[in-house]
Amino acid sequence: MVWMPGGGGGCAAVANAAMAVETGQAEVVVVYRSLCQGQFFRFGAAGRDAAAPPDPAPPTVQQANSLMMASMGFTMPYGLLMAAAAYALPTRRHMHLYGTTSEQLGMLAVTFREHASRNPRAVMGQRPMTLDDHQNSPMIADPHRLFDCCLESDGACAIVVTSAERARDLAKRPVEILASEQGAPKGYGFGPFTNANVPDELYTTGGCGEMADRLWAKAGLGPKDVDVAQIYDHFTGCVLMQLEDYGFCERGEGGPFIESGALAWQGGSMPTNTHGGSLSEAYIHGLNHVVEGVRSLRGESTSPVDGAEVCLVTSGACVPSSAVLLGGR
Amino acid sequence: MSDRFFPDGMPQPLADAISLPFWEAASEHRLVVQRCTACEHTRLPPSPLCPECRSEDADWQEISGRGEVYTHTAVHRPIAGGQELPFVIAVIALEGSGGLRMISNLVGVDPGEVTIGMSVEVVWEDMSADLALPRFRPVPQ
């Protein structure tokens with residue numbers, strides 16, 4: 001089961017709640033995420049204060065208290081602590097292999113910002129963005145500019161999971177969990193953040209391909225059946241890789257797929273992140289994507305998709321990940 | 001002492017009993033990878049079991065320190081005070097390592113000039129008397 005401190009496990013938590021209900025261990029489960037970073041720890045700064053004076057003792061090898069920390073000994077000394085830098089590595093190689101461009105990544109960010117403009121909960125709802133704004137935003141870790149990176153937010157959200165029978169007479173129309181999946185492929189470890197030796201064929205992916213195949217098989221559905229999607233967007237490049245993993249386009253075609261306008265609420269073949277996503281609504285480790293998935297099937301989204309019956313929700317990719325397929329009638 | 005590229009305030013390596021030999025070799029400016037003595041599969045970072053054959057028996061194989069850039073990023077935010085920006089983090093495909101890659105830095109190159117496939121070689125940075133870190137630089141043409 002996937003439950004990492006970061007964003008890979010949001011949909012897995014929903015899946016685990018459904019299992020608890022299905023097996024009679026619980027009648028009602030609340031799945032929630034609450035993030036309060038501002039005064040404690042900023043993910044973007046990797047918990048470090050670069051302005052702090054260095055330890056006066058000469059640098060040396062420190063004792064690791066776990067295998068994971070010993071493995072991080074092979075990333076930290078080189079300054080690989082920020083997620084923005086870690087996920088820049090597979091994105092840069094994707095650009096090299098397939099010709100993906102920064103403008104294509106920018107179009108994705110602009111699309112999600114446009115969706116946020118109708119969402120009163122969106123942190124960036126009143127801050128319109130153009131492709132020029134994206135291209136002129138400060139470089140953080142090449143190719144990631146500021147507007148390729150998700151927000152850092154204080155906030156919380158929750159989902160109530162219960163049986164179909166119990167849900168039938170609730171005040172709000174329930175949404176069905178059609179299928180769920182979680183996991184990571186062999187040799188993936190924690191993905192490119194800590195592992196330079198992710199197999200070559202997986203390096204420029206979100207690591208979700210095998211999981212996606214199992215998800216579609218379980219549901220008896222395929223990518224063409226998805227009416228609306230909420231895709232975990234820690235960074236623009238990671239969305240692009242997931243679009244390929246889940247089969248919405250061929251491997252390497254994520255850039256042109258974005259450029260076609262497929263993700264847009266208006267005129268898109270698969271409106272995506274109708275709340276604005278982590279790039280423009282809020283960064284609640286993607287549990288807000290599950291909330292938006294429910295809203296989008298109940299007609300409650302501020303960017304509603306007419307007649308939507310199937311919604312894919314994914315959790316953080318490029319690490320062990322998870323996904324749910326939601327159905328509304 | 002070698003040339004210095006990064007300030008003392010950069011994060012220091014963490015090691016357990018399994019990975020410590022890597023850092024001991026590094027202090028002697030030798031780049032090594034862990035190798036399973038049962039099936040010869042190489043691995044990095046070091047781990048207690050071979051992921052291919054589950055053997056616990058392993059030794060250390062010294063490699064040349066040459067390789068090529070697999071992917072890279074130029075980071076524009078400091079990790080430590082006094083750090084030169086941007087700095088380059090790269091994944092290096094290591095020659096003669098059984099197909100391994102490692103994360104490191106590229107030094108002695110304009111960040112805008114780095115390309116995937118660029119030939120590089122190790123350059124050791126002595127952070128102190130007992131800590132040396134392997135960075136990489138382009139192989140002189």
# chains A, B, ... in the order shown; residues from 1 in each chain; ligands from 1

$ interface_residues --of "chain B" --to "chain A" --cutoff "8 Å" --atoms "only C-alpha atoms" --output "tab-separated table (two decimals) with C-alpha atoms, in the first residue's frame"
chain	number	residue	atom	x	y	z
B	8	ASP	CA	31.07	24.08	3.68
B	9	GLY	CA	27.41	24.66	4.50
B	10	MET	CA	26.19	22.21	1.84
B	11	PRO	CA	24.41	19.16	3.29
B	12	GLN	CA	26.83	16.50	4.45
B	13	PRO	CA	26.62	12.85	3.40
B	14	LEU	CA	24.86	10.42	5.70
B	15	ALA	CA	26.14	6.86	5.78
B	16	ASP	CA	25.32	3.57	7.46
B	19	SER	CA	27.38	2.63	2.48
B	23	TRP	CA	32.74	7.33	1.44
B	44	LEU	CA	24.12	2.34	-6.21
B	45	PRO	CA	23.13	3.60	-3.68
B	46	PRO	CA	24.46	0.64	-1.69
B	47	SER	CA	21.89	-1.72	-0.17
B	70	TYR	CA	22.08	11.43	-18.68
B	71	THR	CA	20.05	14.44	-17.60
B	72	HIS	CA	20.65	17.72	-15.76
B	73	THR	CA	19.14	20.81	-14.17
B	74	ALA	CA	20.52	24.24	-13.36
B	75	VAL	CA	19.23	25.21	-9.91
B	76	HIS	CA	18.76	28.94	-9.27
B	77	ARG	CA	17.98	28.74	-5.53
B	78	PRO	CA	20.72	28.36	-2.90
B	79	ILE	CA	21.05	25.35	-0.65
B	80	ALA	CA	23.87	26.93	1.37
B	81	GLY	CA	25.13	30.44	2.00
B	89	ILE	CA	22.84	18.91	-10.65
B	90	ALA	CA	23.26	16.09	-13.14
B	91	VAL	CA	22.70	12.38	-13.45
B	100	LEU	CA	24.80	2.52	-13.23
B	101	ARG	CA	24.11	6.21	-12.92
B	102	MET	CA	24.78	8.58	-10.07
B	103	ILE	CA	23.56	12.00	-9.02
B	104	SER	CA	26.29	14.62	-8.72
B	105	ASN	CA	27.18	18.15	-9.79
B	116	ILE	CA	22.67	15.38	-22.47
B	127	MET	CA	35.40	19.32	1.67
B	128	SER	CA	37.66	18.61	4.66
B	130	ASP	CA	38.34	13.29	5.69
B	131	LEU	CA	35.51	14.09	3.28
B	133	LEU	CA	32.89	14.47	-2.85

$ select_by_dssp --residues "stretch 117-324 of chain A" --states "alpha helix (DSSP H)" --output "ChimeraX atom specification"
/A:131-136,164-167,200-203,209-219,236-245,254-259,277-280,287-297

$ residues_around --residues "stretch 108-115 of chain B" --least-positions-apart "2" --cutoff "7 Å" --atoms "only C-alpha atoms" --output "PyMOL selection string"
chain B and resi 74+88+106+117-118+137

$ write_last_selection --atoms "N, CA and C atoms" --output "PDB file, in the first residue's frame"
ATOM      1  N   ALA B  74      19.800  23.110 -13.959  1.00  0.00           N
ATOM      2  CA  ALA B  74      20.523  24.236 -13.357  1.00  0.00           C
ATOM      3  C   ALA B  74      19.614  24.831 -12.288  1.00  0.00           C
ATOM      4  N   VAL B  88      24.697  23.284 -11.070  1.00  0.00           N
ATOM      5  CA  VAL B  88      24.174  22.216 -11.920  1.00  0.00           C
ATOM      6  C   VAL B  88      24.162  20.898 -11.170  1.00  0.00           C
ATOM      7  N   LEU B 106      27.838  19.153 -11.875  1.00  0.00           N
ATOM      8  CA  LEU B 106      28.801  19.484 -12.916  1.00  0.00           C
ATOM      9  C   LEU B 106      29.454  20.797 -12.526  1.00  0.00           C
ATOM     10  N   GLY B 117      24.359  13.717 -22.945  1.00  0.00           N
ATOM     11  CA  GLY B 117      25.326  12.985 -23.776  1.00  0.00           C
ATOM     12  C   GLY B 117      26.739  13.543 -23.683  1.00  0.00           C
ATOM     13  N   MET B 118      26.896  14.697 -23.042  1.00  0.00           N
ATOM     14  CA  MET B 118      28.219  15.312 -22.882  1.00  0.00           C
ATOM     15  C   MET B 118      29.147  14.374 -22.108  1.00  0.00           C
ATOM     16  N   ARG B 137      33.191  17.088 -14.386  1.00  0.00           N
ATOM     17  CA  ARG B 137      33.440  18.228 -15.277  1.00  0.00           C
ATOM     18  C   ARG B 137      33.559  17.679 -16.702  1.00  0.00           C
TER      19      ARG B 137
END

$ atom_distance --atom1 "atom CA of A:Asp227" --atom2 "atom CA of A:Glu309"
6.5 Å

$ atom_distance --atom1 "atom CA of A:Tyr188" --atom2 "atom CA of A:Gly316"
14.1 Å

$ residues_around --residues "stretch 318-323 of chain A" --least-positions-apart "6" --cutoff "7 Å" --atoms "only C-alpha atoms" --output "ChimeraX atom specification"
/A:2,8-9,11-12,180-184,190-192,206-208

$ closest_residue --among "A:Ser269, A:Ala217, A:Gly277, A:Ala26" --to "A:Arg166" --atoms "only C-alpha atoms"
A:Ala26

$ select_by_dssp --residues "stretch 152-278 of chain A" --states "strand (DSSP E)" --output "PDB file with N, CA, C and O atoms, in the first residue's frame"
ATOM      1  N   GLY A 155      -4.035  24.556   4.335  1.00  0.00           N
ATOM      2  CA  GLY A 155      -5.423  24.247   4.030  1.00  0.00           C
ATOM      3  C   GLY A 155      -5.744  22.814   4.372  1.00  0.00           C
ATOM      4  O   GLY A 155      -4.873  22.058   4.825  1.00  0.00           O
ATOM      5  N   ALA A 156      -6.976  22.458   4.157  1.00  0.00           N
ATOM      6  CA  ALA A 156      -7.413  21.094   4.465  1.00  0.00           C
ATOM      7  C   ALA A 156      -8.623  20.754   3.626  1.00  0.00           C
ATOM      8  O   ALA A 156      -9.342  21.641   3.149  1.00  0.00           O
ATOM      9  N   CYS A 157      -8.836  19.456   3.416  1.00  0.00           N
ATOM     10  CA  CYS A 157     -10.045  18.998   2.762  1.00  0.00           C
ATOM     11  C   CYS A 157     -10.298  17.557   3.184  1.00  0.00           C
ATOM     12  O   CYS A 157      -9.412  16.905   3.753  1.00  0.00           O
ATOM     13  N   ALA A 158     -11.509  17.077   2.942  1.00  0.00           N
ATOM     14  CA  ALA A 158     -11.870  15.735   3.391  1.00  0.00           C
ATOM     15  C   ALA A 158     -12.892  15.109   2.456  1.00  0.00           C
ATOM     16  O   ALA A 158     -13.624  15.811   1.745  1.00  0.00           O
ATOM     17  N   ILE A 159     -12.911  13.784   2.461  1.00  0.00           N
ATOM     18  CA  ILE A 159     -13.867  12.995   1.681  1.00  0.00           C
ATOM     19  C   ILE A 159     -14.487  11.985   2.641  1.00  0.00           C
ATOM     20  O   ILE A 159     -13.767  11.379   3.443  1.00  0.00           O
ATOM     21  N   VAL A 160     -15.792  11.817   2.561  1.00  0.00           N
ATOM     22  CA  VAL A 160     -16.472  10.811   3.375  1.00  0.00           C
ATOM     23  C   VAL A 160     -16.716   9.581   2.498  1.00  0.00           C
ATOM     24  O   VAL A 160     -17.288   9.695   1.410  1.00  0.00           O
ATOM     25  N   VAL A 161     -16.245   8.431   2.961  1.00  0.00           N
ATOM     26  CA  VAL A 161     -16.418   7.180   2.209  1.00  0.00           C
ATOM     27  C   VAL A 161     -17.334   6.276   3.017  1.00  0.00           C
ATOM     28  O   VAL A 161     -17.099   6.032   4.209  1.00  0.00           O
ATOM     29  N   THR A 162     -18.392   5.765   2.362  1.00  0.00           N
ATOM     30  CA  THR A 162     -19.283   4.821   3.031  1.00  0.00           C
ATOM     31  C   THR A 162     -19.874   3.874   1.985  1.00  0.00           C
ATOM     32  O   THR A 162     -19.516   3.945   0.808  1.00  0.00           O
ATOM     33  N   GLU A 176     -19.611   7.181  -7.083  1.00  0.00           N
ATOM     34  CA  GLU A 176     -19.152   5.808  -6.873  1.00  0.00           C
ATOM     35  C   GLU A 176     -17.645   5.689  -7.161  1.00  0.00           C
ATOM     36  O   GLU A 176     -17.136   6.295  -8.114  1.00  0.00           O
ATOM     37  N   ILE A 177     -16.958   4.907  -6.317  1.00  0.00           N
ATOM     38  CA  ILE A 177     -15.559   4.568  -6.602  1.00  0.00           C
ATOM     39  C   ILE A 177     -15.578   3.352  -7.519  1.00  0.00           C
ATOM     40  O   ILE A 177     -15.897   2.242  -7.083  1.00  0.00           O
ATOM     41  N   LEU A 178     -15.294   3.553  -8.804  1.00  0.00           N
ATOM     42  CA  LEU A 178     -15.382   2.462  -9.784  1.00  0.00           C
ATOM     43  C   LEU A 178     -14.201   1.509  -9.656  1.00  0.00           C
ATOM     44  O   LEU A 178     -14.345   0.303  -9.806  1.00  0.00           O
ATOM     45  N   ALA A 179     -13.021   2.060  -9.422  1.00  0.00           N
ATOM     46  CA  ALA A 179     -11.813   1.236  -9.316  1.00  0.00           C
ATOM     47  C   ALA A 179     -10.719   2.082  -8.687  1.00  0.00           C
ATOM     48  O   ALA A 179     -10.759   3.316  -8.747  1.00  0.00           O
ATOM     49  N   SER A 180      -9.760   1.403  -8.085  1.00  0.00           N
ATOM     50  CA  SER A 180      -8.616   2.123  -7.527  1.00  0.00           C
ATOM     51  C   SER A 180      -7.367   1.275  -7.725  1.00  0.00           C
ATOM     52  O   SER A 180      -7.453   0.056  -7.877  1.00  0.00           O
ATOM     53  N   GLU A 181      -6.235   1.930  -7.725  1.00  0.00           N
ATOM     54  CA  GLU A 181      -4.947   1.224  -7.869  1.00  0.00           C
ATOM     55  C   GLU A 181      -3.874   1.997  -7.125  1.00  0.00           C
ATOM     56  O   GLU A 181      -4.003   3.201  -6.913  1.00  0.00           O
ATOM     57  N   GLN A 182      -2.840   1.295  -6.744  1.00  0.00           N
ATOM     58  CA  GLN A 182      -1.694   1.946  -6.106  1.00  0.00           C
ATOM     59  C   GLN A 182      -0.457   1.093  -6.352  1.00  0.00           C
ATOM     60  O   GLN A 182      -0.568  -0.109  -6.597  1.00  0.00           O
ATOM     61  N   GLY A 183       0.713   1.718  -6.296  1.00  0.00           N
ATOM     62  CA  GLY A 183       1.943   0.942  -6.429  1.00  0.00           C
ATOM     63  C   GLY A 183       3.028   1.664  -7.209  1.00  0.00           C
ATOM     64  O   GLY A 183       2.924   2.845  -7.529  1.00  0.00           O
ATOM     65  N   VAL A 228     -13.670  13.682 -17.616  1.00  0.00           N
ATOM     66  CA  VAL A 228     -12.994  14.788 -16.939  1.00  0.00           C
ATOM     67  C   VAL A 228     -11.921  14.155 -16.055  1.00  0.00           C
ATOM     68  O   VAL A 228     -12.105  13.044 -15.545  1.00  0.00           O
ATOM     69  N   ALA A 229     -10.773  14.826 -15.907  1.00  0.00           N
ATOM     70  CA  ALA A 229      -9.671  14.245 -15.133  1.00  0.00           C
ATOM     71  C   ALA A 229      -9.111  15.269 -14.153  1.00  0.00           C
ATOM     72  O   ALA A 229      -9.113  16.481 -14.436  1.00  0.00           O
ATOM     73  N   GLN A 230      -8.697  14.777 -13.000  1.00  0.00           N
ATOM     74  CA  GLN A 230      -8.008  15.613 -12.013  1.00  0.00           C
ATOM     75  C   GLN A 230      -6.643  14.949 -11.801  1.00  0.00           C
ATOM     76  O   GLN A 230      -6.541  13.925 -11.150  1.00  0.00           O
TER      77      GLN A 230
END

$ atom_distance --atom1 "atom CA of A:Asn288" --atom2 "atom CA of A:Ala83"
19.8 Å

$ residues_around --residues "stretch 48-62 of chain B" --least-positions-apart "5" --cutoff "12 Å" --atoms "only C-alpha atoms" --output "number ranges by chain"
A: 66-68, 70-71, 186-189; B: 16-26, 28-43, 94-98

$ residues_around --residues "A:Arg295" --least-positions-apart "5" --cutoff "12 Å" --atoms "only C-alpha atoms" --output "list in words"
Asn119, Ile159, Lys172, Arg173, Pro174, Val175, Val228, Ala229, Gln230, Asn273, Thr274, His275, Asn288, His289, Val290, Glu300, Ser301, Thr302, Ser303, Pro304, Val305, Ala308, Glu309, Val310, Cys311, Val313, Leu326, Gly327 and Gly328 of chain A

$ residues_around --residues "A:Ala17" --least-positions-apart "2" --cutoff "8 Å" --atoms "only C-alpha atoms" --output "MDAnalysis selection string"
chainID A and resid 13:15 19:21 29:31 161

$ write_last_selection --atoms "C-alpha atoms" --output "CSV table (one decimal), in the first residue's frame"
chain,number,residue,atom,x,y,z
A,13,ALA,CA,-6.1,6.6,1.2
A,14,VAL,CA,-9.5,6.8,-0.5
A,15,ALA,CA,-9.0,3.2,-1.8
A,19,MET,CA,-11.6,-1.5,1.5
A,20,ALA,CA,-12.4,-0.9,5.1
A,21,VAL,CA,-16.0,-0.3,4.3
A,29,VAL,CA,-14.4,6.6,6.9
A,30,VAL,CA,-13.3,10.2,6.7
A,31,VAL,CA,-10.2,10.7,4.5
A,161,VAL,CA,-16.4,7.2,2.2

$ closest_residue --among "A:Leu108, A:Ala212, A:Cys36, A:Ala282" --to "A:Gly125" --atoms "only C-alpha atoms"
A:Ala282

$ decode --residues "stretch 172-198 of chain A" --atoms "N, CA, C and O atoms" --output "mmCIF file, in the first residue's frame"
data_model
loop_
_atom_site.group_PDB
_atom_site.id
_atom_site.type_symbol
_atom_site.label_atom_id
_atom_site.label_comp_id
_atom_site.auth_asym_id
_atom_site.auth_seq_id
_atom_site.Cartn_x
_atom_site.Cartn_y
_atom_site.Cartn_z
ATOM 1 N N LYS A 172 -26.747 14.644 -0.161
ATOM 2 C CA LYS A 172 -26.045 14.925 -1.416
ATOM 3 C C LYS A 172 -25.940 13.650 -2.238
ATOM 4 O O LYS A 172 -25.771 12.560 -1.696
ATOM 5 N N ARG A 173 -25.971 13.835 -3.543
ATOM 6 C CA ARG A 173 -25.854 12.701 -4.453
ATOM 7 C C ARG A 173 -24.452 12.077 -4.323
ATOM 8 O O ARG A 173 -23.455 12.767 -4.461
ATOM 9 N N PRO A 174 -24.374 10.770 -4.042
ATOM 10 C CA PRO A 174 -23.046 10.168 -3.900
ATOM 11 C C PRO A 174 -22.382 9.918 -5.255
ATOM 12 O O PRO A 174 -23.035 9.890 -6.284
ATOM 13 N N VAL A 175 -21.073 9.752 -5.190
ATOM 14 C CA VAL A 175 -20.276 9.388 -6.363
ATOM 15 C C VAL A 175 -19.668 8.025 -6.072
ATOM 16 O O VAL A 175 -19.275 7.741 -4.932
ATOM 17 N N GLU A 176 -19.611 7.181 -7.083
ATOM 18 C CA GLU A 176 -19.152 5.808 -6.873
ATOM 19 C C GLU A 176 -17.645 5.689 -7.161
ATOM 20 O O GLU A 176 -17.136 6.295 -8.114
ATOM 21 N N ILE A 177 -16.958 4.907 -6.317
ATOM 22 C CA ILE A 177 -15.559 4.568 -6.602
ATOM 23 C C ILE A 177 -15.578 3.352 -7.519
ATOM 24 O O ILE A 177 -15.897 2.242 -7.083
ATOM 25 N N LEU A 178 -15.294 3.553 -8.804
ATOM 26 C CA LEU A 178 -15.382 2.462 -9.784
ATOM 27 C C LEU A 178 -14.201 1.509 -9.656
ATOM 28 O O LEU A 178 -14.345 0.303 -9.806
ATOM 29 N N ALA A 179 -13.021 2.060 -9.422
ATOM 30 C CA ALA A 179 -11.813 1.236 -9.316
ATOM 31 C C ALA A 179 -10.719 2.082 -8.687
ATOM 32 O O ALA A 179 -10.759 3.316 -8.747
ATOM 33 N N SER A 180 -9.760 1.403 -8.085
ATOM 34 C CA SER A 180 -8.616 2.123 -7.527
ATOM 35 C C SER A 180 -7.367 1.275 -7.725
ATOM 36 O O SER A 180 -7.453 0.056 -7.877
ATOM 37 N N GLU A 181 -6.235 1.930 -7.725
ATOM 38 C CA GLU A 181 -4.947 1.224 -7.869
ATOM 39 C C GLU A 181 -3.874 1.997 -7.125
ATOM 40 O O GLU A 181 -4.003 3.201 -6.913
ATOM 41 N N GLN A 182 -2.840 1.295 -6.744
ATOM 42 C CA GLN A 182 -1.694 1.946 -6.106
ATOM 43 C C GLN A 182 -0.457 1.093 -6.352
ATOM 44 O O GLN A 182 -0.568 -0.109 -6.597
ATOM 45 N N GLY A 183 0.713 1.718 -6.296
ATOM 46 C CA GLY A 183 1.943 0.942 -6.429
ATOM 47 C C GLY A 183 3.028 1.664 -7.209
ATOM 48 O O GLY A 183 2.924 2.845 -7.529
ATOM 49 N N ALA A 184 4.081 0.915 -7.484
ATOM 50 C CA ALA A 184 5.211 1.430 -8.257
ATOM 51 C C ALA A 184 5.855 0.252 -8.970
ATOM 52 O O ALA A 184 5.786 -0.878 -8.483
ATOM 53 N N PRO A 185 6.448 0.485 -10.129
ATOM 54 C CA PRO A 185 7.076 -0.625 -10.857
ATOM 55 C C PRO A 185 8.383 -1.077 -10.214
ATOM 56 O O PRO A 185 8.976 -0.357 -9.394
ATOM 57 N N LYS A 186 8.823 -2.270 -10.588
ATOM 58 C CA LYS A 186 10.082 -2.835 -10.081
ATOM 59 C C LYS A 186 11.248 -1.886 -10.377
ATOM 60 O O LYS A 186 11.336 -1.324 -11.460
ATOM 61 N N GLY A 187 12.089 -1.726 -9.383
ATOM 62 C CA GLY A 187 13.289 -0.901 -9.579
ATOM 63 C C GLY A 187 13.033 0.586 -9.458
ATOM 64 O O GLY A 187 13.927 1.400 -9.679
ATOM 65 N N TYR A 188 11.783 0.959 -9.100
ATOM 66 C CA TYR A 188 11.437 2.380 -9.107
ATOM 67 C C TYR A 188 11.826 3.084 -7.819
ATOM 68 O O TYR A 188 12.165 4.264 -7.828
ATOM 69 N N GLY A 189 11.783 2.321 -6.697
ATOM 70 C CA GLY A 189 12.134 2.928 -5.415
ATOM 71 C C GLY A 189 11.281 4.148 -5.146
ATOM 72 O O GLY A 189 10.059 4.106 -5.277
ATOM 73 N N PHE A 190 11.913 5.234 -4.812
ATOM 74 C CA PHE A 190 11.210 6.478 -4.551
ATOM 75 C C PHE A 190 11.215 7.360 -5.798
ATOM 76 O O PHE A 190 10.995 8.566 -5.726
ATOM 77 N N GLY A 191 11.489 6.738 -6.960
ATOM 78 C CA GLY A 191 11.470 7.504 -8.202
ATOM 79 C C GLY A 191 12.718 8.351 -8.356
ATOM 80 O O GLY A 191 13.691 8.200 -7.614
ATOM 81 N N PRO A 192 12.718 9.265 -9.335
ATOM 82 C CA PRO A 192 13.940 10.014 -9.664
ATOM 83 C C PRO A 192 14.419 10.966 -8.573
ATOM 84 O O PRO A 192 15.512 11.499 -8.668
ATOM 85 N N PHE A 193 13.620 11.149 -7.517
ATOM 86 C CA PHE A 193 14.045 12.053 -6.439
ATOM 87 C C PHE A 193 15.296 11.497 -5.754
ATOM 88 O O PHE A 193 16.245 12.219 -5.456
ATOM 89 N N THR A 194 15.306 10.201 -5.473
ATOM 90 C CA THR A 194 16.435 9.638 -4.739
ATOM 91 C C THR A 194 17.186 8.595 -5.540
ATOM 92 O O THR A 194 18.193 8.078 -5.085
ATOM 93 N N ASN A 195 16.676 8.253 -6.706
ATOM 94 C CA ASN A 195 17.187 7.081 -7.391
ATOM 95 C C ASN A 195 17.553 7.414 -8.830
ATOM 96 O O ASN A 195 16.679 7.534 -9.690
ATOM 97 N N ALA A 196 18.843 7.565 -9.082
ATOM 98 C CA ALA A 196 19.293 7.853 -10.443
ATOM 99 C C ALA A 196 19.189 6.623 -11.321
ATOM 100 O O ALA A 196 19.317 6.703 -12.533
ATOM 101 N N ASN A 197 18.960 5.444 -10.687
ATOM 102 C CA ASN A 197 18.966 4.191 -11.439
ATOM 103 C C ASN A 197 17.577 3.628 -11.697
ATOM 104 O O ASN A 197 17.400 2.430 -11.853
ATOM 105 N N VAL A 198 16.596 4.511 -11.767
ATOM 106 C CA VAL A 198 15.294 4.105 -12.293
ATOM 107 C C VAL A 198 15.534 3.529 -13.694
ATOM 108 O O VAL A 198 16.291 4.125 -14.470
#
